[in-house]
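Heads up, data-v7.txt below (compact mmCIF, C-alpha atoms and all ligand atoms):
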```txt
# COMPACT_ATOMS: atom_id res chain seq x y z
CA MET E 167 34.29 -92.17 -54.41
CA THR E 168 34.04 -94.54 -51.46
CA GLU E 169 30.59 -95.85 -50.70
CA PHE E 170 30.01 -97.35 -47.29
CA SER E 171 27.49 -100.08 -46.50
CA ALA E 172 24.38 -99.17 -44.52
CA THR E 173 25.31 -101.55 -41.69
CA ASP E 174 28.77 -100.03 -41.30
CA LEU E 175 27.31 -96.55 -41.45
CA SER E 176 24.76 -97.28 -38.76
CA ALA E 177 27.46 -98.66 -36.47
CA HIS E 178 29.54 -95.57 -37.24
CA ALA E 179 26.58 -93.26 -36.55
CA ARG E 180 26.00 -94.87 -33.15
CA SER E 181 29.71 -94.58 -32.35
CA ILE E 182 29.61 -90.85 -33.19
CA LEU E 183 26.78 -90.29 -30.74
CA ARG E 184 28.64 -92.31 -28.09
CA ALA E 185 31.89 -90.43 -28.71
CA ASN E 186 30.18 -87.03 -28.53
CA ASP E 187 28.40 -88.01 -25.30
CA HIS E 188 29.76 -85.93 -22.43
CA GLY E 189 28.06 -87.90 -19.68
CA GLY E 190 24.35 -87.46 -20.42
CA TYR E 191 24.33 -84.73 -23.04
CA THR E 192 25.88 -84.69 -26.50
CA VAL E 193 28.12 -82.08 -28.07
CA PRO E 194 27.37 -81.39 -31.77
CA THR E 195 30.99 -82.23 -32.62
CA ALA E 196 34.31 -82.21 -30.78
CA ARG E 197 36.11 -78.85 -30.35
CA LEU E 198 34.06 -76.70 -32.78
CA TYR E 199 30.95 -76.93 -30.58
CA PRO E 200 32.04 -78.24 -27.15
CA PHE E 201 28.75 -77.68 -25.23
CA GLN E 202 25.08 -78.66 -25.44
CA TRP E 203 23.13 -76.90 -28.20
CA ASN E 204 19.34 -76.69 -27.97
CA TRP E 205 18.02 -77.90 -31.33
CA ASP E 206 20.98 -80.19 -31.96
CA SER E 207 20.10 -82.06 -28.79
CA ALA E 208 16.48 -82.52 -29.73
CA PHE E 209 17.44 -84.28 -32.97
CA VAL E 210 20.18 -86.21 -31.21
CA ALA E 211 17.63 -87.48 -28.67
CA ILE E 212 15.46 -88.86 -31.48
CA GLY E 213 18.57 -90.48 -32.98
CA PHE E 214 19.50 -92.08 -29.64
CA SER E 215 15.95 -93.41 -29.29
CA THR E 216 16.69 -95.84 -32.15
CA PHE E 217 19.13 -97.78 -29.95
CA ASP E 218 19.25 -96.44 -26.37
CA GLU E 219 16.02 -95.09 -24.93
CA ALA E 220 17.42 -94.19 -21.52
CA ARG E 221 20.17 -92.16 -23.14
CA ALA E 222 17.65 -90.45 -25.41
CA TRP E 223 15.63 -89.21 -22.41
CA SER E 224 18.77 -88.07 -20.64
CA GLU E 225 19.59 -85.78 -23.60
CA LEU E 226 16.30 -83.93 -23.08
CA GLU E 227 16.69 -83.89 -19.30
CA PHE E 228 20.06 -82.18 -19.62
CA LEU E 229 18.53 -79.64 -22.00
CA VAL E 230 15.83 -78.85 -19.47
CA LYS E 231 18.49 -78.32 -16.80
CA GLY E 232 19.38 -75.13 -18.64
CA GLN E 233 15.83 -73.69 -18.46
CA TRP E 234 15.38 -70.24 -16.90
CA GLU E 235 12.65 -69.29 -14.42
CA ASP E 236 10.80 -67.40 -17.16
CA GLY E 237 10.72 -70.52 -19.35
CA LEU E 238 13.55 -69.75 -21.79
CA ILE E 239 15.53 -72.78 -22.87
CA PRO E 240 18.79 -71.31 -24.08
CA GLN E 241 20.61 -71.94 -27.32
CA ILE E 242 23.76 -73.16 -25.51
CA ILE E 243 24.17 -74.80 -22.12
CA PHE E 244 27.73 -74.70 -20.83
CA HIS E 245 27.64 -77.83 -18.66
CA ALA E 246 31.46 -78.03 -18.50
CA PRO E 247 34.16 -75.50 -19.37
CA SER E 248 36.04 -75.49 -22.70
CA ASP E 249 38.50 -73.04 -24.25
CA ASP E 250 37.67 -74.19 -27.76
CA TYR E 251 34.63 -71.95 -28.30
CA PHE E 252 33.94 -68.24 -28.66
CA PRO E 253 31.77 -66.67 -27.26
CA GLY E 254 32.00 -68.69 -24.05
CA PRO E 255 30.15 -68.12 -20.74
CA LYS E 256 32.21 -65.03 -19.77
CA VAL E 257 31.05 -63.12 -22.84
CA TRP E 258 27.41 -63.97 -22.14
CA GLY E 259 27.91 -62.93 -18.52
CA ILE E 260 25.02 -64.99 -17.17
CA ASP E 261 25.49 -66.10 -13.60
CA ARG E 262 23.63 -69.41 -13.47
CA THR E 263 24.39 -73.06 -12.81
CA PRO E 264 24.89 -74.43 -15.35
CA PRO E 265 25.93 -71.27 -17.22
CA THR E 266 24.01 -70.68 -20.45
CA SER E 267 23.75 -68.28 -23.35
CA GLY E 268 20.89 -65.77 -23.14
CA ILE E 269 18.99 -66.40 -26.37
CA SER E 270 17.10 -69.42 -27.69
CA GLN E 271 17.08 -71.67 -30.75
CA PRO E 272 14.44 -73.53 -32.84
CA PRO E 273 12.15 -75.23 -30.29
CA VAL E 274 12.26 -78.85 -31.41
CA LEU E 275 12.05 -80.12 -27.80
CA ALA E 276 8.34 -81.01 -27.69
CA SER E 277 8.55 -82.69 -31.09
CA ALA E 278 11.47 -84.78 -29.85
CA ALA E 279 9.61 -85.63 -26.63
CA ARG E 280 6.59 -86.82 -28.60
CA ALA E 281 8.78 -88.86 -30.94
CA LEU E 282 10.49 -90.55 -27.98
CA TRP E 283 7.12 -91.22 -26.35
CA GLU E 284 5.73 -92.83 -29.50
CA ARG E 285 8.84 -94.91 -30.14
CA CYS E 286 9.36 -96.04 -26.55
CA SER E 287 9.27 -99.66 -25.46
CA ASP E 288 9.84 -98.84 -21.78
CA ARG E 289 6.58 -97.05 -20.95
CA ALA E 290 7.25 -96.65 -17.25
CA LEU E 291 10.54 -94.91 -17.97
CA ALA E 292 8.91 -92.67 -20.59
CA GLU E 293 6.12 -91.68 -18.21
CA ALA E 294 8.57 -90.83 -15.45
CA LYS E 295 10.66 -88.68 -17.78
CA LEU E 296 7.72 -86.92 -19.39
CA ALA E 297 6.35 -85.95 -16.00
CA GLU E 298 9.27 -83.47 -15.98
CA ILE E 299 9.84 -82.79 -19.65
CA TYR E 300 6.22 -82.04 -20.58
CA PRO E 301 5.82 -79.13 -18.09
CA ALA E 302 9.23 -77.77 -19.10
CA ALA E 303 8.23 -77.78 -22.77
CA LEU E 304 4.93 -76.10 -21.87
CA ARG E 305 6.76 -73.34 -19.99
CA TYR E 306 9.15 -72.97 -22.94
CA HIS E 307 6.29 -72.47 -25.41
CA ARG E 308 4.68 -69.93 -23.09
CA TRP E 309 8.00 -68.09 -23.04
CA TRP E 310 8.02 -67.88 -26.83
CA GLN E 311 4.62 -66.22 -26.80
CA GLN E 312 5.10 -63.96 -23.78
CA ALA E 313 8.64 -62.82 -24.49
CA ARG E 314 8.62 -62.89 -28.26
CA ASP E 315 5.05 -62.12 -29.31
CA PRO E 316 3.88 -59.89 -26.49
CA GLN E 317 1.29 -58.25 -28.75
CA ARG E 318 -0.08 -61.61 -29.96
CA THR E 319 0.48 -60.94 -33.64
CA GLY E 320 0.67 -64.67 -34.38
CA LEU E 321 4.39 -64.67 -35.20
CA VAL E 322 7.16 -64.99 -32.62
CA SER E 323 10.25 -62.91 -33.17
CA ILE E 324 13.93 -63.63 -32.90
CA LEU E 325 16.38 -61.01 -31.73
CA HIS E 326 19.64 -62.61 -32.85
CA PRO E 327 20.48 -64.59 -36.02
CA TRP E 328 21.93 -67.32 -33.78
CA GLU E 329 18.41 -67.99 -32.52
CA THR E 330 17.34 -69.19 -35.96
CA GLY E 331 20.13 -71.76 -36.04
CA MET E 332 20.68 -70.47 -39.59
CA ASP E 333 23.15 -67.84 -38.48
CA ASN E 334 24.35 -66.24 -41.70
CA SER E 335 21.37 -66.90 -43.98
CA PRO E 336 21.02 -64.26 -46.72
CA ALA E 337 17.55 -63.74 -45.24
CA TRP E 338 19.15 -61.83 -42.35
CA ASP E 339 21.48 -59.61 -44.42
CA MET E 340 19.34 -56.49 -44.55
CA ALA E 341 18.09 -56.65 -40.97
CA LEU E 342 21.59 -57.41 -39.70
CA ALA E 343 22.99 -54.43 -41.61
CA ARG E 344 21.16 -52.22 -39.10
CA VAL E 345 23.26 -53.65 -36.28
CA PRO E 346 26.48 -51.69 -35.72
CA THR E 347 29.83 -53.46 -36.07
CA ASP E 348 31.49 -52.02 -32.94
CA THR E 349 31.83 -54.36 -29.97
CA VAL E 350 32.80 -54.06 -26.32
CA THR E 351 33.89 -57.69 -26.31
CA VAL E 352 37.17 -58.46 -28.04
CA ILE E 353 36.33 -60.95 -30.79
CA GLU E 354 38.51 -64.05 -30.62
CA ARG E 355 37.01 -66.45 -33.08
CA ARG E 356 37.98 -70.09 -32.63
CA ASP E 357 35.76 -71.53 -35.37
CA THR E 358 37.95 -70.18 -38.16
CA THR E 359 41.04 -71.77 -36.60
CA LEU E 360 39.28 -75.16 -36.79
CA ILE E 361 37.35 -74.88 -40.08
CA ASP E 362 38.20 -73.30 -43.44
CA PRO E 363 36.94 -69.68 -43.04
CA SER E 364 35.30 -69.86 -46.50
CA MET E 365 32.78 -72.30 -44.96
CA ARG E 366 31.95 -70.05 -41.98
CA PRO E 367 30.18 -66.71 -41.45
CA ARG E 368 32.23 -63.62 -42.35
CA GLY E 369 34.09 -61.39 -39.88
CA GLU E 370 31.68 -58.51 -40.28
CA GLU E 371 28.75 -60.77 -39.41
CA TYR E 372 30.53 -61.84 -36.24
CA GLN E 373 31.02 -58.19 -35.27
CA ARG E 374 27.28 -57.63 -35.55
CA PHE E 375 26.50 -60.94 -33.77
CA ILE E 376 28.71 -59.88 -30.85
CA HIS E 377 27.37 -56.32 -30.85
CA LEU E 378 23.94 -57.80 -30.13
CA VAL E 379 25.32 -60.00 -27.34
CA ASP E 380 26.99 -56.93 -25.78
CA LEU E 381 23.73 -54.98 -26.06
CA PHE E 382 21.62 -57.70 -24.42
CA ARG E 383 24.19 -58.32 -21.67
CA GLY E 384 23.98 -54.59 -20.92
CA LEU E 385 20.21 -55.04 -20.47
CA ASN E 386 20.80 -57.87 -18.01
CA TRP E 387 19.07 -60.31 -20.40
CA ASP E 388 15.69 -58.79 -19.47
CA ALA E 389 13.29 -60.22 -22.09
CA ALA E 390 11.07 -57.13 -22.38
CA LYS E 391 14.01 -54.72 -22.60
CA MET E 392 15.72 -56.87 -25.22
CA PHE E 393 12.54 -57.01 -27.29
CA ALA E 394 12.18 -53.22 -27.16
CA ALA E 395 15.84 -52.37 -27.80
CA SER E 396 17.01 -54.85 -30.41
CA PRO E 397 17.78 -53.29 -33.82
CA PHE E 398 17.42 -56.84 -35.18
CA ARG E 399 13.86 -58.15 -34.83
CA VAL E 400 12.62 -60.70 -37.31
CA ALA E 401 9.83 -63.27 -37.57
CA ASP E 402 11.80 -66.26 -38.82
CA ILE E 403 9.54 -68.55 -40.85
CA GLY E 404 11.69 -71.50 -39.74
CA ILE E 405 11.24 -70.92 -36.00
CA ASN E 406 7.55 -70.16 -36.38
CA ALA E 407 6.91 -73.34 -38.37
CA ILE E 408 9.00 -75.47 -35.97
CA LEU E 409 7.16 -73.93 -33.01
CA LEU E 410 3.76 -74.63 -34.58
CA ARG E 411 4.74 -78.26 -35.14
CA ALA E 412 6.04 -78.41 -31.57
CA GLU E 413 2.75 -77.00 -30.23
CA ARG E 414 0.86 -79.74 -32.09
CA ASP E 415 3.20 -82.36 -30.67
CA LEU E 416 2.85 -80.87 -27.19
CA LEU E 417 -0.92 -81.08 -27.54
CA VAL E 418 -0.65 -84.84 -28.04
CA LEU E 419 1.43 -85.07 -24.84
CA ALA E 420 -1.02 -82.78 -22.99
CA ASP E 421 -3.74 -85.38 -23.47
CA ARG E 422 -1.78 -87.79 -21.31
CA PHE E 423 0.38 -85.53 -19.10
CA GLY E 424 -1.46 -82.22 -18.91
CA THR E 425 -4.84 -80.75 -18.07
CA LYS E 426 -7.80 -79.79 -20.26
CA ALA E 427 -6.99 -76.14 -19.63
CA GLU E 428 -3.44 -76.65 -20.85
CA ALA E 429 -4.67 -78.42 -23.97
CA ALA E 430 -6.96 -75.46 -24.68
CA GLU E 431 -4.12 -73.02 -24.11
CA ILE E 432 -1.83 -74.93 -26.50
CA SER E 433 -4.55 -75.14 -29.16
CA ALA E 434 -5.16 -71.41 -28.95
CA ARG E 435 -1.47 -70.63 -29.40
CA ALA E 436 -1.26 -73.06 -32.33
CA GLU E 437 -4.21 -71.41 -34.05
CA LEU E 438 -2.70 -67.97 -33.66
CA LEU E 439 0.62 -69.19 -35.06
CA GLN E 440 -1.05 -70.95 -37.95
CA ALA E 441 -2.79 -67.70 -38.94
CA GLY E 442 0.49 -65.78 -38.61
CA ILE E 443 2.36 -68.27 -40.79
CA ARG E 444 -0.37 -68.26 -43.43
CA ARG E 445 0.19 -64.52 -43.90
CA GLN E 446 3.84 -65.16 -44.81
CA TRP E 447 3.02 -67.05 -48.00
CA SER E 448 4.58 -65.53 -51.10
CA GLU E 449 2.84 -66.34 -54.35
CA ARG E 450 5.76 -64.87 -56.27
CA HIS E 451 8.45 -66.94 -54.55
CA GLY E 452 6.37 -70.12 -54.18
CA VAL E 453 7.53 -70.47 -50.56
CA PHE E 454 6.84 -68.83 -47.21
CA LEU E 455 9.03 -65.86 -46.26
CA SER E 456 10.36 -64.48 -43.01
CA ARG E 457 9.33 -60.97 -41.98
CA ASP E 458 11.43 -58.03 -40.86
CA LEU E 459 9.50 -56.72 -37.86
CA VAL E 460 11.39 -53.43 -37.68
CA THR E 461 10.39 -52.39 -41.21
CA ASP E 462 7.27 -54.59 -41.15
CA ALA E 463 8.06 -56.02 -44.58
CA PRO E 464 8.54 -59.54 -45.94
CA ILE E 465 12.15 -60.59 -46.43
CA GLU E 466 12.63 -61.34 -50.12
CA ALA E 467 14.80 -64.42 -49.78
CA ALA E 468 13.70 -67.98 -50.53
CA THR E 469 15.45 -70.26 -48.04
CA SER E 470 15.01 -73.88 -47.03
CA ALA E 471 13.22 -72.58 -43.92
CA GLY E 472 10.46 -71.35 -46.25
CA PHE E 473 9.45 -75.00 -46.82
CA LEU E 474 9.12 -75.81 -43.11
CA PRO E 475 5.41 -74.87 -42.94
CA LEU E 476 5.00 -78.27 -44.65
CA TRP E 477 6.49 -79.87 -41.51
CA ALA E 478 4.11 -77.80 -39.39
CA GLY E 479 1.03 -78.86 -41.35
CA ALA E 480 0.32 -75.20 -42.05
CA THR E 481 -0.05 -75.22 -45.82
CA THR E 482 -3.04 -75.36 -48.14
CA PRO E 483 -3.02 -78.05 -50.88
CA GLU E 484 -2.32 -75.33 -53.47
CA GLN E 485 0.66 -74.06 -51.49
CA SER E 486 2.07 -77.57 -51.16
CA VAL E 487 1.86 -77.99 -54.94
CA ALA E 488 3.54 -74.63 -55.52
CA MET E 489 6.32 -75.47 -53.06
CA ALA E 490 6.92 -78.79 -54.78
CA ALA E 491 7.26 -76.95 -58.09
CA LYS E 492 9.74 -74.56 -56.48
CA LEU E 493 11.81 -77.45 -55.14
CA GLU E 494 11.80 -79.09 -58.58
CA LYS E 495 13.23 -75.87 -59.95
CA TRP E 496 15.97 -75.91 -57.32
CA ALA E 497 16.63 -79.56 -58.19
CA GLY E 498 17.40 -78.42 -61.73
CA ALA E 499 20.14 -76.12 -60.44
CA VAL E 500 21.92 -78.41 -57.93
CA ALA E 501 22.60 -82.13 -57.61
CA PHE E 502 21.37 -82.52 -54.02
CA LEU E 503 18.24 -81.21 -52.31
CA VAL E 504 17.62 -79.14 -50.22
CA PRO E 505 20.06 -76.23 -50.54
CA SER E 506 19.63 -73.81 -47.63
CA PHE E 507 19.25 -70.92 -50.06
CA ASP E 508 17.81 -70.46 -53.56
CA PRO E 509 20.58 -71.73 -55.88
CA THR E 510 19.39 -69.44 -58.68
CA ASP E 511 19.84 -66.29 -56.56
CA PRO E 512 23.12 -64.34 -56.96
CA ARG E 513 23.60 -64.41 -53.16
CA PHE E 514 23.84 -68.24 -53.18
CA GLU E 515 27.18 -69.49 -51.77
CA PRO E 516 27.23 -73.30 -51.95
CA MET E 517 29.99 -73.80 -49.37
CA ARG E 518 29.32 -71.09 -46.81
CA TYR E 519 27.34 -72.37 -43.82
CA TRP E 520 23.67 -71.29 -44.20
CA ARG E 521 24.07 -69.43 -47.50
CA GLY E 522 23.67 -72.53 -49.69
CA PRO E 523 24.81 -75.86 -48.19
CA VAL E 524 22.44 -78.75 -47.45
CA TRP E 525 21.74 -79.52 -43.77
CA LEU E 526 20.30 -82.94 -43.02
CA VAL E 527 18.03 -81.98 -40.13
CA VAL E 528 16.26 -79.50 -42.39
CA ASN E 529 16.02 -82.16 -45.10
CA TRP E 530 14.47 -84.56 -42.62
CA MET E 531 11.73 -82.08 -41.67
CA ILE E 532 11.06 -81.03 -45.28
CA GLY E 533 11.07 -84.65 -46.48
CA HIS E 534 8.45 -85.61 -43.89
CA GLY E 535 6.51 -82.45 -44.62
CA LEU E 536 6.31 -83.33 -48.32
CA LEU E 537 5.24 -86.90 -47.58
CA ALA E 538 2.51 -85.67 -45.23
CA ASN E 539 1.19 -83.23 -47.79
CA GLY E 540 0.66 -85.40 -50.84
CA GLN E 541 4.12 -84.87 -52.39
CA GLU E 542 5.24 -88.48 -52.10
CA ALA E 543 7.77 -88.61 -54.96
CA LEU E 544 9.54 -85.44 -53.94
CA GLY E 545 9.54 -86.38 -50.26
CA LEU E 546 11.21 -89.68 -51.13
CA ARG E 547 13.68 -87.83 -53.34
CA VAL E 548 14.68 -85.54 -50.45
CA HIS E 549 15.15 -88.54 -48.14
CA ALA E 550 17.16 -90.36 -50.83
CA ASP E 551 19.44 -87.35 -51.34
CA THR E 552 19.91 -87.19 -47.57
CA THR E 553 21.06 -90.78 -47.23
CA ARG E 554 23.16 -90.59 -50.41
CA LEU E 555 25.10 -87.65 -48.96
CA VAL E 556 26.02 -89.74 -45.92
CA ARG E 557 26.84 -92.82 -48.00
CA GLU E 558 29.16 -90.83 -50.24
CA GLN E 559 30.62 -88.28 -47.82
CA GLY E 560 30.11 -89.50 -44.26
CA PHE E 561 28.81 -87.53 -41.29
CA ALA E 562 29.73 -83.95 -42.16
CA GLU E 563 28.11 -80.91 -40.57
CA TYR E 564 26.70 -79.75 -43.95
CA PHE E 565 27.15 -80.52 -47.65
CA ASP E 566 27.79 -78.73 -50.94
CA PRO E 567 24.55 -79.09 -52.93
CA ARG E 568 26.46 -79.14 -56.25
CA ASP E 569 28.61 -82.25 -55.72
CA GLY E 570 27.74 -83.35 -52.19
CA SER E 571 31.16 -82.58 -50.69
CA GLY E 572 31.13 -82.73 -46.89
CA LEU E 573 31.75 -79.31 -45.28
CA GLY E 574 32.29 -77.77 -41.84
CA GLY E 575 32.82 -80.06 -38.85
CA GLY E 576 33.07 -83.86 -39.13
CA GLU E 577 31.70 -86.76 -37.05
CA PHE E 578 28.66 -84.59 -36.51
CA SER E 579 26.02 -85.68 -34.01
CA TRP E 580 22.83 -84.53 -35.70
CA THR E 581 23.96 -85.85 -39.07
CA ALA E 582 24.50 -89.24 -37.40
CA ALA E 583 21.06 -88.99 -35.76
CA ILE E 584 19.32 -88.31 -39.08
CA TRP E 585 21.09 -91.27 -40.68
CA LEU E 586 19.78 -93.54 -37.93
CA LEU E 587 16.25 -92.27 -38.56
CA LEU E 588 16.36 -92.74 -42.32
CA GLU E 589 18.64 -95.78 -42.80
C1 LIG E 601 28.11 -71.06 -33.91
O1 LIG E 601 28.86 -70.74 -32.98
O2 LIG E 601 28.45 -71.12 -35.08
C2 LIG E 601 26.73 -71.46 -33.60
O3 LIG E 601 26.00 -71.64 -34.77
C3 LIG E 601 26.04 -70.48 -32.71
O4 LIG E 601 24.92 -71.12 -32.18
```

Output the structure of this file as structure tokens.
Ligand code: DGY
Amino acid sequence: MTEFSATDLSAHARSILRANDHGGYTVPTARLYPFQWNWDSAFVAIGFSTFDEARAWSELEFLVKGQWEDGLIPQIIFHAPSDDYFPGPKVWGIDRTPPTSGISQPPVLASAARALWERCSDRALAEAKLAEIYPAALRYHRWWQQARDPQRTGLVSILHPWETGMDNSPAWDMALARVPTDTVTVIERRDTTLIDPSMRPRGEEYQRFIHLVDLFRGLNWDAAKMFAASPFRVADIGINAILLRAERDLLVLADRFGTKAEAAEISARAELLQAGIRRQWSERHGVFLSRDLVTDAPIEAATSAGFLPLWAGATTPEQSVAMAAKLEKWAGAVAFLVPSFDPTDPRFEPMRYWRGPVWLVVNWMIGHGLLANGQEALGLRVHADTTRLVREQGFAEYFDPRDGSGLGGGEFSWTAAIWLLLE
């Protein structure tokens, strides 16, 4: 096994971000994902801030260029055309400049903006950028509540597995089974021509993914109609925890860039979310669970997202201890933390996208969450596993938790970003 030195790896990580730079925004990796992705870009911006502040801000500015009038920041922004990806702008059928997809993704934006603000050495530049990014993030968070929790239950919902960023997680299996497999759009997958299909979502999942896109396009991407009509409606514990953390980070920015009324509004949303997340604790699983909002039942699947309330600061001391015990159990079953799905569950697939592999951005959030909640040793262990994966395997999209093998796309932007943050 080749081990690379930290200095070489950091130079390599910076060169990945430079190579994936398409003139102000970064693609996650060449060909497989040839556009700007929402949560990828937020992590990439934090990575850039370690060596190029101006470029870090530009990443967030390009993300905000995709924002809709109602506040939605889409999952994909198609700044420039590419034939390498399906479904491209035609399938989404959204007539905007730049074209975008019509669903969202984990809202890391405000957390990235706060991180850039706190790391910045050029204060004047940061203030100028935040004068635009702060209000955009505020509108985005309002969108999550208005469009996705119209009844103020305390949990925002997602209407498509792609919104979670954890597309084919076993957590979505039962809810997704309600979505028919017929599609208007002809499915022309490109991902499986670029990557071994055993590492990607299955064909049947794609049929259901595209069925939902067809359905929403038929509703003209009207948020209220989509919410009412979607056969897939889930409160993803990952998104809710990431949003709560983002609200807390936005509150810090509101002190400097917002008004008192905005700060009060943000605090109120954060409190509601915190209460919603607290209800998703599962004593039996020792983690938080997502909730199927169509059946109004918890989803019995322990995923890495179930640990993200640690990142949000939403856990009691007892819950943090129980989650640490759960992670220790997982550590007994695999060589590298944190597998995206319970490695002791029969549905665990260690090489298939979000059904088992380790993803470094999730590790980074869980590692910090453990450190912030009194689980120092385990937090350091997660960070050490994260950097060891890169040292042994390079900058893969995701990793096999059994032996660390790099999987999916290579020269991956957010993997490079996380290395730069942890090196
Ligand atoms: C993909 O195309 O695999 C992406 O995860 C969708 O966002």

Please give the centre and size of the box around ligand LIG 601 (chain E) (axis-aligned, containing every atom listed in the file, 8 Å added per side), with values in Å to one decimal and written as JSON.
```
{"center_x": 26.9, "center_y": -71.1, "center_z": -33.6, "size_x": 19.9, "size_y": 17.2, "size_z": 18.9}
```

Can you tell me which residues come within 7 Å of ligand LIG 601 (chain E) when counting only C-alpha atoms and all ligand atoms, ideally as an MDAnalysis selection string? chainID E and resid 199 241 328 331 333

Choose the residue, out of E:Ser335, E:Thr469, E:Thr319, E:Ser486, that has the smallest atom-to-atom separation from Arg521 of chain E; count only C-alpha atoms.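 Using only C-alpha atoms, Arg521 of chain E sits closest to E:Ser335.
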
Applying 7 Å and only C-alpha atoms, which residues near segment 209-212 of chain E remain after dropping the ones on its own chain fewer than 4 positions away? List them as a short mmCIF file (atom, residue, chain, number, x, y, z; two decimals) with C-alpha atoms, in the frame of the given file.
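Heads up, here's the output in around_1.cif:
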```cif
data_model
loop_
_atom_site.label_atom_id
_atom_site.label_comp_id
_atom_site.auth_asym_id
_atom_site.auth_seq_id
_atom_site.Cartn_x
_atom_site.Cartn_y
_atom_site.Cartn_z
CA TRP E 205 18.02 -77.90 -31.33
CA ALA E 222 17.65 -90.45 -25.41
CA TRP E 223 15.63 -89.21 -22.41
CA GLU E 225 19.59 -85.78 -23.60
CA LEU E 226 16.30 -83.93 -23.08
CA ALA E 278 11.47 -84.78 -29.85
CA ALA E 281 8.78 -88.86 -30.94
CA LEU E 282 10.49 -90.55 -27.98
CA SER E 579 26.02 -85.68 -34.01
CA TRP E 580 22.83 -84.53 -35.70
CA ALA E 583 21.06 -88.99 -35.76
#
```

Residues within 9 Å of Phe502 of chain E, please, as an MDAnalysis selection string. Count all atoms listed in the file; anything in the same chain fewer than 4 positions from it doesn't count. chainID E and resid 497 524 548 551:552 555 565:570

May I ask which of the residues E:Thr195, E:Val527, E:Phe578, E:Trp585 is the closest one to Asp174 of chain E, counting all atoms listed in the file?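 Once distances to Asp174 of chain E are computed over all atoms listed in the file, the minimum belongs to E:Trp585.
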
By how many Å are atom CA of Val504 of chain E and atom CA of Gly533 of chain E apart?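 A separation of 9.3 Å between them.
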
What would segment 453-464 of chain E look like with N, CA and C atoms restored, written as a short mmCIF file (atom, residue, chain, number, x, y, z; two decimals), keeping the file's coordinate frame?
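Listing of selection-v7.cif after writing:
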```
data_model
loop_
_atom_site.label_atom_id
_atom_site.label_comp_id
_atom_site.auth_asym_id
_atom_site.auth_seq_id
_atom_site.Cartn_x
_atom_site.Cartn_y
_atom_site.Cartn_z
N VAL E 453 7.20 -69.98 -51.90
CA VAL E 453 7.53 -70.47 -50.56
C VAL E 453 7.05 -69.43 -49.55
N PHE E 454 7.15 -69.79 -48.27
CA PHE E 454 6.84 -68.83 -47.21
C PHE E 454 8.11 -68.00 -46.94
N LEU E 455 7.90 -66.75 -46.52
CA LEU E 455 9.03 -65.86 -46.26
C LEU E 455 9.06 -65.44 -44.79
N SER E 456 10.24 -65.10 -44.33
CA SER E 456 10.36 -64.48 -43.01
C SER E 456 9.94 -63.02 -43.13
N ARG E 457 9.79 -62.36 -41.97
CA ARG E 457 9.33 -60.97 -41.98
C ARG E 457 10.25 -60.12 -41.12
N ASP E 458 10.65 -58.98 -41.65
CA ASP E 458 11.43 -58.03 -40.86
C ASP E 458 10.44 -57.23 -40.02
N LEU E 459 10.51 -57.36 -38.72
CA LEU E 459 9.50 -56.72 -37.86
C LEU E 459 9.84 -55.27 -37.55
N VAL E 460 11.05 -54.84 -37.88
CA VAL E 460 11.39 -53.43 -37.68
C VAL E 460 10.82 -52.60 -38.83
N THR E 461 10.95 -53.10 -40.05
CA THR E 461 10.39 -52.39 -41.21
C THR E 461 8.98 -52.86 -41.55
N ASP E 462 8.55 -53.94 -40.88
CA ASP E 462 7.27 -54.59 -41.15
C ASP E 462 7.10 -54.94 -42.63
N ALA E 463 8.12 -55.62 -43.17
CA ALA E 463 8.06 -56.02 -44.58
C ALA E 463 8.57 -57.45 -44.72
N PRO E 464 8.03 -58.18 -45.72
CA PRO E 464 8.54 -59.54 -45.94
C PRO E 464 10.00 -59.50 -46.40
#
```
